[in-house]
Structures are given as C-alpha cells and as structure tokens.
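Below you'll find the structure, written out as structure tokens, and then a few comments.
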Amino acid sequence: MTTSTADRPLRVIQWTTGNIGKRSLHAILARPDLELVGVYAHGANKVGVDAADLCDWPEPTGITATDDIDAVVALAPDACCYNPLWPDIDALETLLSAGINVVSSAAWITGGKQTEADQQRIAEACRRGRSTMFGSGAHPGITNMVAMVLSGACERVDEIRITESVDCSTYESAETQSAMGFGKSPDTEGLAESVRVESEVFAESAAMMADAIGATLDRITFDVTFTAATDDSDLGFMRIPKGTVAGVFGYHSGWVGDRNVVSVGFNWTMGHHVVPPKPLRHGHVIQVFGRPNMRTVLHCLPPADWDEEGFMGAGMIYTAMPVTNAVPAVVAAVPGVVTLKDLPVVAGRHFPR
Ligand SMILES: NC(=O)c1ccc[n+]([C@@H]2O[C@H](COP(=O)([O-])OP(=O)(O)OC[C@H]3O[C@@H](n4cnc5c(N)ncnc54)[C@H](OP(=O)(O)O)[C@@H]3O)[C@@H](O)[C@H]2O)c1
C-alpha cells in the first residue's frame, strides 16, 4: 500500500483515542494531506461513536469507531497512528502484514525490548506486507532526535545524556503512572526491575543514539532512585499516599567498557509532597558531552491562543505529533523497522487555519 505522498491524501486510521490518540486524531483531521478513514477503539463505550465526539472536533466526521481489526484492515489504509496503552504484537502483525504502515507512540523505538521471536514476527509481517514500523514520541522520540542533531556539532562525542525533568501530576494515565512505580511502596519487591522493564523503550532510544554516533555498546544498565511522598496527594485520577513513591529518578545507560556513552532517563514527580533528588527543570534536558559540550532544554509551552484548562494538553500534542507527522515519511520509507535516525526530518505542517 506504500504510495507517493503527492498524488492524493494518505488514508489513515487512528488506533485508540486516549490522551495521545485524541491529539493524533485532531492532526489527521486537520492536515490536508491526510484523510481519516477509520478509528479503532479498545473501550466498548467508544464503538459506534463518531471520531469527532472522541476528540472534541467541531463537526461530525462520518467516521465511527470499531473494535473489529478486520474492519479497519478492510479499509485498506496507507497508515495507522497507533497510540494504545500497551503495544499488542498480534495487532501489529495483522496491520503490518496487511500492508498498513504503523507509526506508534506505544513503547516502540527499535523494538529491541520485544522478545527475539516477536521481533521476528514484526520483521516478517513488514516483509510480507511491504510495510514499515516506526515509533516516536516526545521522550523517547524528539528528544533523541535533537540530541543526535546536536552531536553533529561535535568533533568528538563522549556521552549523550537526556533527562525528562518534569512534574507528571496532570498526566492522567493511572496505568502508565503506576507501571512506573508511583503510588507503590518504595519497598515493593522487584520494583526497580519492574520499572526497568516498563521503561525499557528508553533503553531502545539509547541504543539508537549509540548506533547514530558509531558506538558499539557492550551493555545497557538501569539505575533508579525512588523518593517517598511526605504527605497524601489526591490527583483525581489517582492517589499518591504518604510514604509511597512520588519521585522516580533513573537512567537507562549504555556502556562501552567503563565509559557511559548514552543515558536516557527521567526525574519525575507526582503529587504535591515530594522533593526529588535533583531540582526539576520542567522540560527535557539534552546534554552532549565531547568537544565541545552542547546543551539545550526543550520546553513545551502553550501558545497565546491556548484555550484549554491547564497545560498538559500541550504536552500531549508534543508527544503525539512526532508520531503522526511522520506518516508521509514512513509511508514512503523502505519496508521493515525504521527509526528516527533512518527517516528524513519529520517536520510539522503549515496550512491555513
Ligand atoms: N514517547 C513518549 O513521549 C510518550 C509519552 C507519553 C505516553 N507515551 C505512550 O503513548 C501511549 C498512549 O499513551 P496515553 O497517555 O494516550 O494512554 P491512555 O490514554 O492511558 O490509553 C490509551 C488508550 O489505550 C486503550 N486502552 C486502555 N486500556 C487498555 C488495555 N488494557 N489494553 C490495550 N489498550 C488499552 C484505550 O483505548 P480507547 O480510547 O479506544 O478505549 C485508551 O484510550 C502509551 O503506550 C504511552 O506509554 C509515549
């Protein structure tokens, strides 16, 4: 189904409409070069509902959500914007082997955290369908891209270090937050290992950057520090009781011998009663150490005409767009798994408002 982007709008389906998926849906509906042809819903309450109602779009779209994967495959879309809570290898295999290119925000950069067998299934599905699998987001995603670009200013790169340094209290995804340890006892057995596994997509992004700078890693390690809340916080969508995890500070680090060459991590807090090990920078801190050192902090800020309560929506757009904006490049890409370092620049789109 791979096609040139010039002759017609690309036919796109939206896979789920949670925090990120809603923002993706907006962009598909707004971009003149993309055409929404279907929506897949996980939640039964969303089946049969017009896409406009699922993402607060002003006019009906005539496209209603289905939970039938065969029905969305039958639409013969060029691409699927894939934003579920967790990736599902069976679904990805079905989409890719039907020739549908997939752009994902759901725990996918290289696919390296998947089992060998599942990676094989995805590679084989791409081969059968002549389709492409791609993952991005804000972090991991655009932060890695910025770091790789910055490294291009260096005569020699010793280390790339990226830290997401934010208060996550208004990111309303209780499942995601509790998977990262929030609200659990810091003494929970195996907590560090389960957070490592849940956040392993950051290790995938570290491996991608190592590859980009020509470093052959011999191992990737994970270290994490949990900080307990000093009092109760009720965030509405979840509670962070006193004494439970309210700060998670950790890195997935790639090594060449005793040299830490790439680190991708987070300094996250939740709730009103926590002092993290390092002060929050309210953005993505991107550091490239070498000759010379390069450093920047990405801040995602609401525009002057921002009309939503709170600013978390801006962060959701920041997460969704590196994925959705990649549709034309991914449709045009070679079959197989591609990463940010393989694609041309994924730019946003200017069009009349
Ligand atoms: N790289 C990044 O920067 C970044 C940042 C944030 C999040 N993410 C990732 O992006 C993805 C979406 O995040 P989100 O905040 O949008 O998540 P979310 O709103 O919590 O959930 C997304 C959708 O997943 C579906 N869902 C709910 N329970 C499910 C289950 N048990 N199994 C499968 N699907 C289920 C629902 O679909 P329906 O709407 O159809 O019911 C829900 O709307 C996640 O994988 C998240 O980790 C990436």
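Labels used: A, B, ... for chains in the order of the structure tokens, numbers from 1 for residues in each chain, and numbers from 1 for ligands as shown.
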**Residues near Pro322 (chain A), cut-off 8 Å, only C-alpha atoms, skip fewer than 4 positions along chain, as a PyMOL selection string** = chain A and resi 136-138+141-142+318+326+346
Writing out the chosen residues with N, CA and C atoms as a PDB file, in the first residue's frame:
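File out-v2.pdb, as written:
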```
ATOM      1  N   SER A 136       7.912   6.754  17.832  1.00  0.00           N
ATOM      2  CA  SER A 136       8.499   8.022  18.276  1.00  0.00           C
ATOM      3  C   SER A 136       7.656   8.571  19.420  1.00  0.00           C
ATOM      4  N   GLY A 137       7.723   9.850  19.653  1.00  0.00           N
ATOM      5  CA  GLY A 137       7.015  10.482  20.757  1.00  0.00           C
ATOM      6  C   GLY A 137       7.791  11.732  21.128  1.00  0.00           C
ATOM      7  N   ALA A 138       7.546  12.216  22.362  1.00  0.00           N
ATOM      8  CA  ALA A 138       8.337  13.346  22.846  1.00  0.00           C
ATOM      9  C   ALA A 138       9.636  12.800  23.430  1.00  0.00           C
ATOM     10  N   GLY A 141      11.838   9.921  21.652  1.00  0.00           N
ATOM     11  CA  GLY A 141      11.343  10.420  20.377  1.00  0.00           C
ATOM     12  C   GLY A 141      12.113  11.662  19.992  1.00  0.00           C
ATOM     13  N   ILE A 142      11.411  12.799  20.046  1.00  0.00           N
ATOM     14  CA  ILE A 142      12.024  14.027  19.533  1.00  0.00           C
ATOM     15  C   ILE A 142      13.269  14.414  20.335  1.00  0.00           C
ATOM     16  N   TYR A 318       2.669  17.534  21.966  1.00  0.00           N
ATOM     17  CA  TYR A 318       4.133  17.371  21.816  1.00  0.00           C
ATOM     18  C   TYR A 318       4.489  15.880  21.712  1.00  0.00           C
ATOM     19  N   ALA A 326       4.963  11.912  11.193  1.00  0.00           N
ATOM     20  CA  ALA A 326       5.889  11.026  10.466  1.00  0.00           C
ATOM     21  C   ALA A 326       5.178  10.173   9.412  1.00  0.00           C
ATOM     22  N   VAL A 346      11.411  14.888  10.232  1.00  0.00           N
ATOM     23  CA  VAL A 346       9.950  14.859  10.381  1.00  0.00           C
ATOM     24  C   VAL A 346       9.516  16.254  10.826  1.00  0.00           C
TER      25      VAL A 346
END
```
**Those of region 49-112 of chain A in DSSP alpha helix (DSSP H), formatted as an MDAnalysis selection string** = chainID A and resid 51:55 69:74 89:97
Output N, CA and C atoms of each residue in that selection to a file, as a CSV table (one decimal), in the first residue's frame.
```
chain,number,residue,atom,x,y,z
A,51,ALA,N,-15.8,9.9,15.3
A,51,ALA,CA,-14.5,10.4,15.7
A,51,ALA,C,-14.5,11.8,16.2
A,52,ALA,N,-15.4,12.6,15.7
A,52,ALA,CA,-15.4,14.0,16.2
A,52,ALA,C,-15.7,14.0,17.7
A,53,ASP,N,-16.6,13.1,18.2
A,53,ASP,CA,-17.0,13.1,19.6
A,53,ASP,C,-15.9,12.5,20.4
A,54,LEU,N,-15.1,11.7,19.8
A,54,LEU,CA,-14.0,11.1,20.6
A,54,LEU,C,-12.8,12.0,20.8
A,55,CYS,N,-12.8,13.1,20.0
A,55,CYS,CA,-11.6,14.0,20.2
A,55,CYS,C,-12.1,15.5,20.2
A,69,ILE,N,-10.7,-5.4,14.2
A,69,ILE,CA,-9.5,-5.2,13.5
A,69,ILE,C,-9.6,-5.5,12.0
A,70,ASP,N,-10.4,-6.6,11.7
A,70,ASP,CA,-10.6,-6.9,10.3
A,70,ASP,C,-11.3,-5.8,9.5
A,71,ALA,N,-12.2,-5.1,10.2
A,71,ALA,CA,-12.9,-4.0,9.6
A,71,ALA,C,-12.0,-2.8,9.3
A,72,VAL,N,-11.0,-2.6,10.1
A,72,VAL,CA,-10.1,-1.4,9.8
A,72,VAL,C,-9.1,-1.9,8.8
A,73,VAL,N,-8.7,-3.1,8.8
A,73,VAL,CA,-7.8,-3.6,7.7
A,73,VAL,C,-8.5,-3.5,6.4
A,74,ALA,N,-9.8,-3.9,6.3
A,74,ALA,CA,-10.5,-3.9,5.1
A,74,ALA,C,-10.6,-2.5,4.5
A,89,ILE,N,1.5,-7.2,20.0
A,89,ILE,CA,2.2,-7.8,18.8
A,89,ILE,C,1.3,-8.4,17.8
A,90,ASP,N,0.2,-9.1,18.3
A,90,ASP,CA,-0.7,-9.7,17.4
A,90,ASP,C,-1.4,-8.6,16.5
A,91,ALA,N,-1.8,-7.5,17.1
A,91,ALA,CA,-2.4,-6.5,16.3
A,91,ALA,C,-1.4,-5.9,15.3
A,92,LEU,N,-0.2,-5.6,15.8
A,92,LEU,CA,0.8,-5.0,14.9
A,92,LEU,C,1.1,-5.9,13.7
A,93,GLU,N,1.2,-7.2,14.0
A,93,GLU,CA,1.5,-8.2,13.0
A,93,GLU,C,0.4,-8.2,11.9
A,94,THR,N,-0.9,-8.1,12.4
A,94,THR,CA,-2.0,-8.1,11.5
A,94,THR,C,-2.0,-6.9,10.6
A,95,LEU,N,-1.8,-5.7,11.2
A,95,LEU,CA,-1.7,-4.5,10.4
A,95,LEU,C,-0.6,-4.5,9.4
A,96,LEU,N,0.6,-4.8,9.9
A,96,LEU,CA,1.8,-4.7,9.0
A,96,LEU,C,1.7,-5.7,7.9
A,97,SER,N,1.3,-6.9,8.2
A,97,SER,CA,1.2,-7.9,7.2
A,97,SER,C,0.1,-7.6,6.1
```
**Message:** List as number ranges by chain the protein and nucleic acid residues lying within 8 Å of ligand 1, with only C-alpha atoms and all ligand atoms counted.
**Reply:** A: 15-22, 40-46, 83-88, 104-107, 136-141, 171-176, 316, 318-320
Find the residues of region 96-194 of chain A that sit at most 12 Å from region 223-230 of chain A; for each, write down the nearest two atoms and how far apart they are in Å, to one decimal. Count only C-alpha atoms. Sort by chain, then by number going up, and give it as a Markdown table.
```
| residue | atom | partner | partner_atom | distance |
| --- | --- | --- | --- | --- |
| A:Met180 | CA | A:Phe226 | CA | 10.2 |
| A:Gly181 | CA | A:Phe226 | CA | 8.3 |
| A:Phe182 | CA | A:Phe226 | CA | 9.0 |
| A:Gly183 | CA | A:Ala229 | CA | 8.8 |
| A:Lys184 | CA | A:Ala228 | CA | 9.2 |
| A:Ser185 | CA | A:Ala228 | CA | 8.1 |
| A:Pro186 | CA | A:Phe226 | CA | 6.3 |
| A:Asp187 | CA | A:Phe226 | CA | 9.4 |
| A:Thr188 | CA | A:Phe226 | CA | 10.9 |
| A:Leu191 | CA | A:Phe226 | CA | 9.5 |
| A:Ala192 | CA | A:Val224 | CA | 6.6 |
| A:Glu193 | CA | A:Val224 | CA | 9.4 |
| A:Ser194 | CA | A:Val224 | CA | 11.1 |
```
**Message:** With DSSP run on the backbone, what are the strand (DSSP E or B) residues within region 12-170 of chain A? I'd like them as a PyMOL selection string.
**Reply:** chain A and resi 12-15+34-40+50+64-66+79-82+101-104+132-135+156-167
Write out the residues from the selection above, keeping N, CA and C atoms, as an mmCIF file, in the first residue's frame.
```cif
data_model
loop_
_atom_site.group_PDB
_atom_site.id
_atom_site.type_symbol
_atom_site.label_atom_id
_atom_site.label_comp_id
_atom_site.auth_asym_id
_atom_site.auth_seq_id
_atom_site.Cartn_x
_atom_site.Cartn_y
_atom_site.Cartn_z
ATOM 1 N N VAL A 12 -5.610 7.186 6.493
ATOM 2 C CA VAL A 12 -5.040 6.891 7.812
ATOM 3 C C VAL A 12 -6.127 6.393 8.763
ATOM 4 N N ILE A 13 -5.765 5.400 9.576
ATOM 5 C CA ILE A 13 -6.664 5.018 10.678
ATOM 6 C C ILE A 13 -6.015 5.413 12.008
ATOM 7 N N GLN A 14 -6.860 5.737 12.961
ATOM 8 C CA GLN A 14 -6.401 6.090 14.303
ATOM 9 C C GLN A 14 -6.698 4.921 15.236
ATOM 10 N N TRP A 15 -5.632 4.434 15.906
ATOM 11 C CA TRP A 15 -5.794 3.287 16.813
ATOM 12 C C TRP A 15 -5.881 3.796 18.248
ATOM 13 N N LEU A 34 -3.641 14.295 4.845
ATOM 14 C CA LEU A 34 -4.056 13.044 5.499
ATOM 15 C C LEU A 34 -5.579 12.964 5.483
ATOM 16 N N GLU A 35 -6.086 11.753 5.312
ATOM 17 C CA GLU A 35 -7.543 11.557 5.323
ATOM 18 C C GLU A 35 -7.884 10.476 6.348
ATOM 19 N N LEU A 36 -8.727 10.811 7.308
ATOM 20 C CA LEU A 36 -9.150 9.812 8.292
ATOM 21 C C LEU A 36 -10.124 8.849 7.639
ATOM 22 N N VAL A 37 -9.793 7.540 7.663
ATOM 23 C CA VAL A 37 -10.728 6.568 7.074
ATOM 24 C C VAL A 37 -11.274 5.587 8.104
ATOM 25 N N GLY A 38 -10.686 5.558 9.301
ATOM 26 C CA GLY A 38 -11.194 4.625 10.300
ATOM 27 C C GLY A 38 -10.622 4.914 11.674
ATOM 28 N N VAL A 39 -11.335 4.429 12.697
ATOM 29 C CA VAL A 39 -10.870 4.559 14.080
ATOM 30 C C VAL A 39 -11.073 3.215 14.766
ATOM 31 N N TYR A 40 -10.023 2.747 15.441
ATOM 32 C CA TYR A 40 -10.146 1.520 16.238
ATOM 33 C C TYR A 40 -10.284 1.935 17.703
ATOM 34 N N ASP A 50 -18.868 8.692 16.652
ATOM 35 C CA ASP A 50 -18.173 9.458 15.615
ATOM 36 C C ASP A 50 -16.825 9.950 16.162
ATOM 37 N N THR A 64 -17.007 6.340 12.247
ATOM 38 C CA THR A 64 -17.289 5.864 13.606
ATOM 39 C C THR A 64 -16.293 4.784 14.007
ATOM 40 N N ALA A 65 -16.085 4.678 15.307
ATOM 41 C CA ALA A 65 -15.078 3.746 15.827
ATOM 42 C C ALA A 65 -15.605 2.309 15.810
ATOM 43 N N THR A 66 -14.673 1.396 15.614
ATOM 44 C CA THR A 66 -14.996 -0.033 15.647
ATOM 45 C C THR A 66 -13.967 -0.739 16.528
ATOM 46 N N ALA A 79 -1.760 3.998 6.393
ATOM 47 C CA ALA A 79 -1.043 4.044 7.672
ATOM 48 C C ALA A 79 -2.004 3.978 8.840
ATOM 49 N N CYS A 80 -1.437 3.567 9.965
ATOM 50 C CA CYS A 80 -2.181 3.521 11.224
ATOM 51 C C CYS A 80 -1.402 4.320 12.264
ATOM 52 N N CYS A 81 -2.058 5.303 12.879
ATOM 53 C CA CYS A 81 -1.461 6.009 14.016
ATOM 54 C C CYS A 81 -1.825 5.210 15.258
ATOM 55 N N TYR A 82 -0.821 4.598 15.853
ATOM 56 C CA TYR A 82 -1.027 3.547 16.846
ATOM 57 C C TYR A 82 -0.670 4.079 18.242
ATOM 58 N N ASN A 101 1.249 0.664 7.047
ATOM 59 C CA ASN A 101 2.404 1.219 7.747
ATOM 60 C C ASN A 101 1.965 1.696 9.125
ATOM 61 N N VAL A 102 2.790 1.446 10.145
ATOM 62 C CA VAL A 102 2.388 1.789 11.511
ATOM 63 C C VAL A 102 3.340 2.825 12.098
ATOM 64 N N VAL A 103 2.760 3.908 12.639
ATOM 65 C CA VAL A 103 3.540 4.876 13.418
ATOM 66 C C VAL A 103 3.006 4.805 14.843
ATOM 67 N N SER A 104 3.904 4.608 15.812
ATOM 68 C CA SER A 104 3.474 4.266 17.169
ATOM 69 C C SER A 104 4.087 5.179 18.225
ATOM 70 N N THR A 132 6.063 -0.641 6.851
ATOM 71 C CA THR A 132 7.115 -0.084 7.708
ATOM 72 C C THR A 132 6.573 0.147 9.111
ATOM 73 N N MET A 133 7.400 -0.158 10.084
ATOM 74 C CA MET A 133 7.057 0.046 11.502
ATOM 75 C C MET A 133 7.982 1.124 12.061
ATOM 76 N N PHE A 134 7.402 2.115 12.748
ATOM 77 C CA PHE A 134 8.170 3.257 13.267
ATOM 78 C C PHE A 134 7.592 3.684 14.604
ATOM 79 N N GLY A 135 8.449 4.052 15.535
ATOM 80 C CA GLY A 135 7.977 4.566 16.821
ATOM 81 C C GLY A 135 8.672 5.865 17.182
ATOM 82 N N ARG A 156 34.153 15.324 18.574
ATOM 83 C CA ARG A 156 34.197 14.008 19.227
ATOM 84 C C ARG A 156 33.048 13.957 20.235
ATOM 85 N N VAL A 157 32.313 12.861 20.272
ATOM 86 C CA VAL A 157 31.202 12.738 21.224
ATOM 87 C C VAL A 157 31.587 11.720 22.298
ATOM 88 N N ASP A 158 31.591 12.172 23.552
ATOM 89 C CA ASP A 158 31.904 11.253 24.660
ATOM 90 C C ASP A 158 30.644 10.650 25.262
ATOM 91 N N GLU A 159 29.634 11.490 25.411
ATOM 92 C CA GLU A 159 28.413 10.997 26.068
ATOM 93 C C GLU A 159 27.220 11.851 25.665
ATOM 94 N N ILE A 160 26.104 11.182 25.475
ATOM 95 C CA ILE A 160 24.828 11.907 25.311
ATOM 96 C C ILE A 160 23.963 11.539 26.507
ATOM 97 N N ARG A 161 23.403 12.570 27.137
ATOM 98 C CA ARG A 161 22.558 12.329 28.321
ATOM 99 C C ARG A 161 21.266 13.136 28.176
ATOM 100 N N ILE A 162 20.142 12.460 28.264
ATOM 101 C CA ILE A 162 18.850 13.151 28.154
ATOM 102 C C ILE A 162 18.030 12.860 29.407
ATOM 103 N N THR A 163 17.487 13.913 29.996
ATOM 104 C CA THR A 163 16.683 13.749 31.209
ATOM 105 C C THR A 163 15.345 14.439 31.034
ATOM 106 N N GLU A 164 14.274 13.685 31.187
ATOM 107 C CA GLU A 164 12.936 14.294 31.248
ATOM 108 C C GLU A 164 12.738 14.718 32.691
ATOM 109 N N SER A 165 12.672 16.040 32.931
ATOM 110 C CA SER A 165 12.687 16.554 34.294
ATOM 111 C C SER A 165 11.384 17.303 34.548
ATOM 112 N N VAL A 166 10.352 16.541 34.920
ATOM 113 C CA VAL A 166 9.008 17.132 34.975
ATOM 114 C C VAL A 166 8.164 16.609 36.143
ATOM 115 N N ASP A 167 7.175 17.417 36.495
ATOM 116 C CA ASP A 167 6.113 17.002 37.413
ATOM 117 C C ASP A 167 5.010 16.376 36.554
#
```
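Computed from the coordinates, the CA of His252 (chain A) to CA of Val197 (chain A) distance equals 10.6 Å.
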**Item:** Spatial neighbours of Asp258 (chain A), 12 Å, only C-alpha atoms, chain gap at least 2 places, as a ChimeraX atom specification
**Value:** /A:217-221,253-256,260-261
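Restricting the calculation to only C-alpha atoms, the smallest distance between Tyr251 (chain A) and any of A:Leu150, A:Val288, A:Val195, A:Met270 is found for A:Val195.
Shortest separation to Ala147 (chain A) among A:Ala329, A:Leu235, A:Val334, A:Ile213 occurs at residue A:Ile213, atoms counted being only C-alpha atoms.
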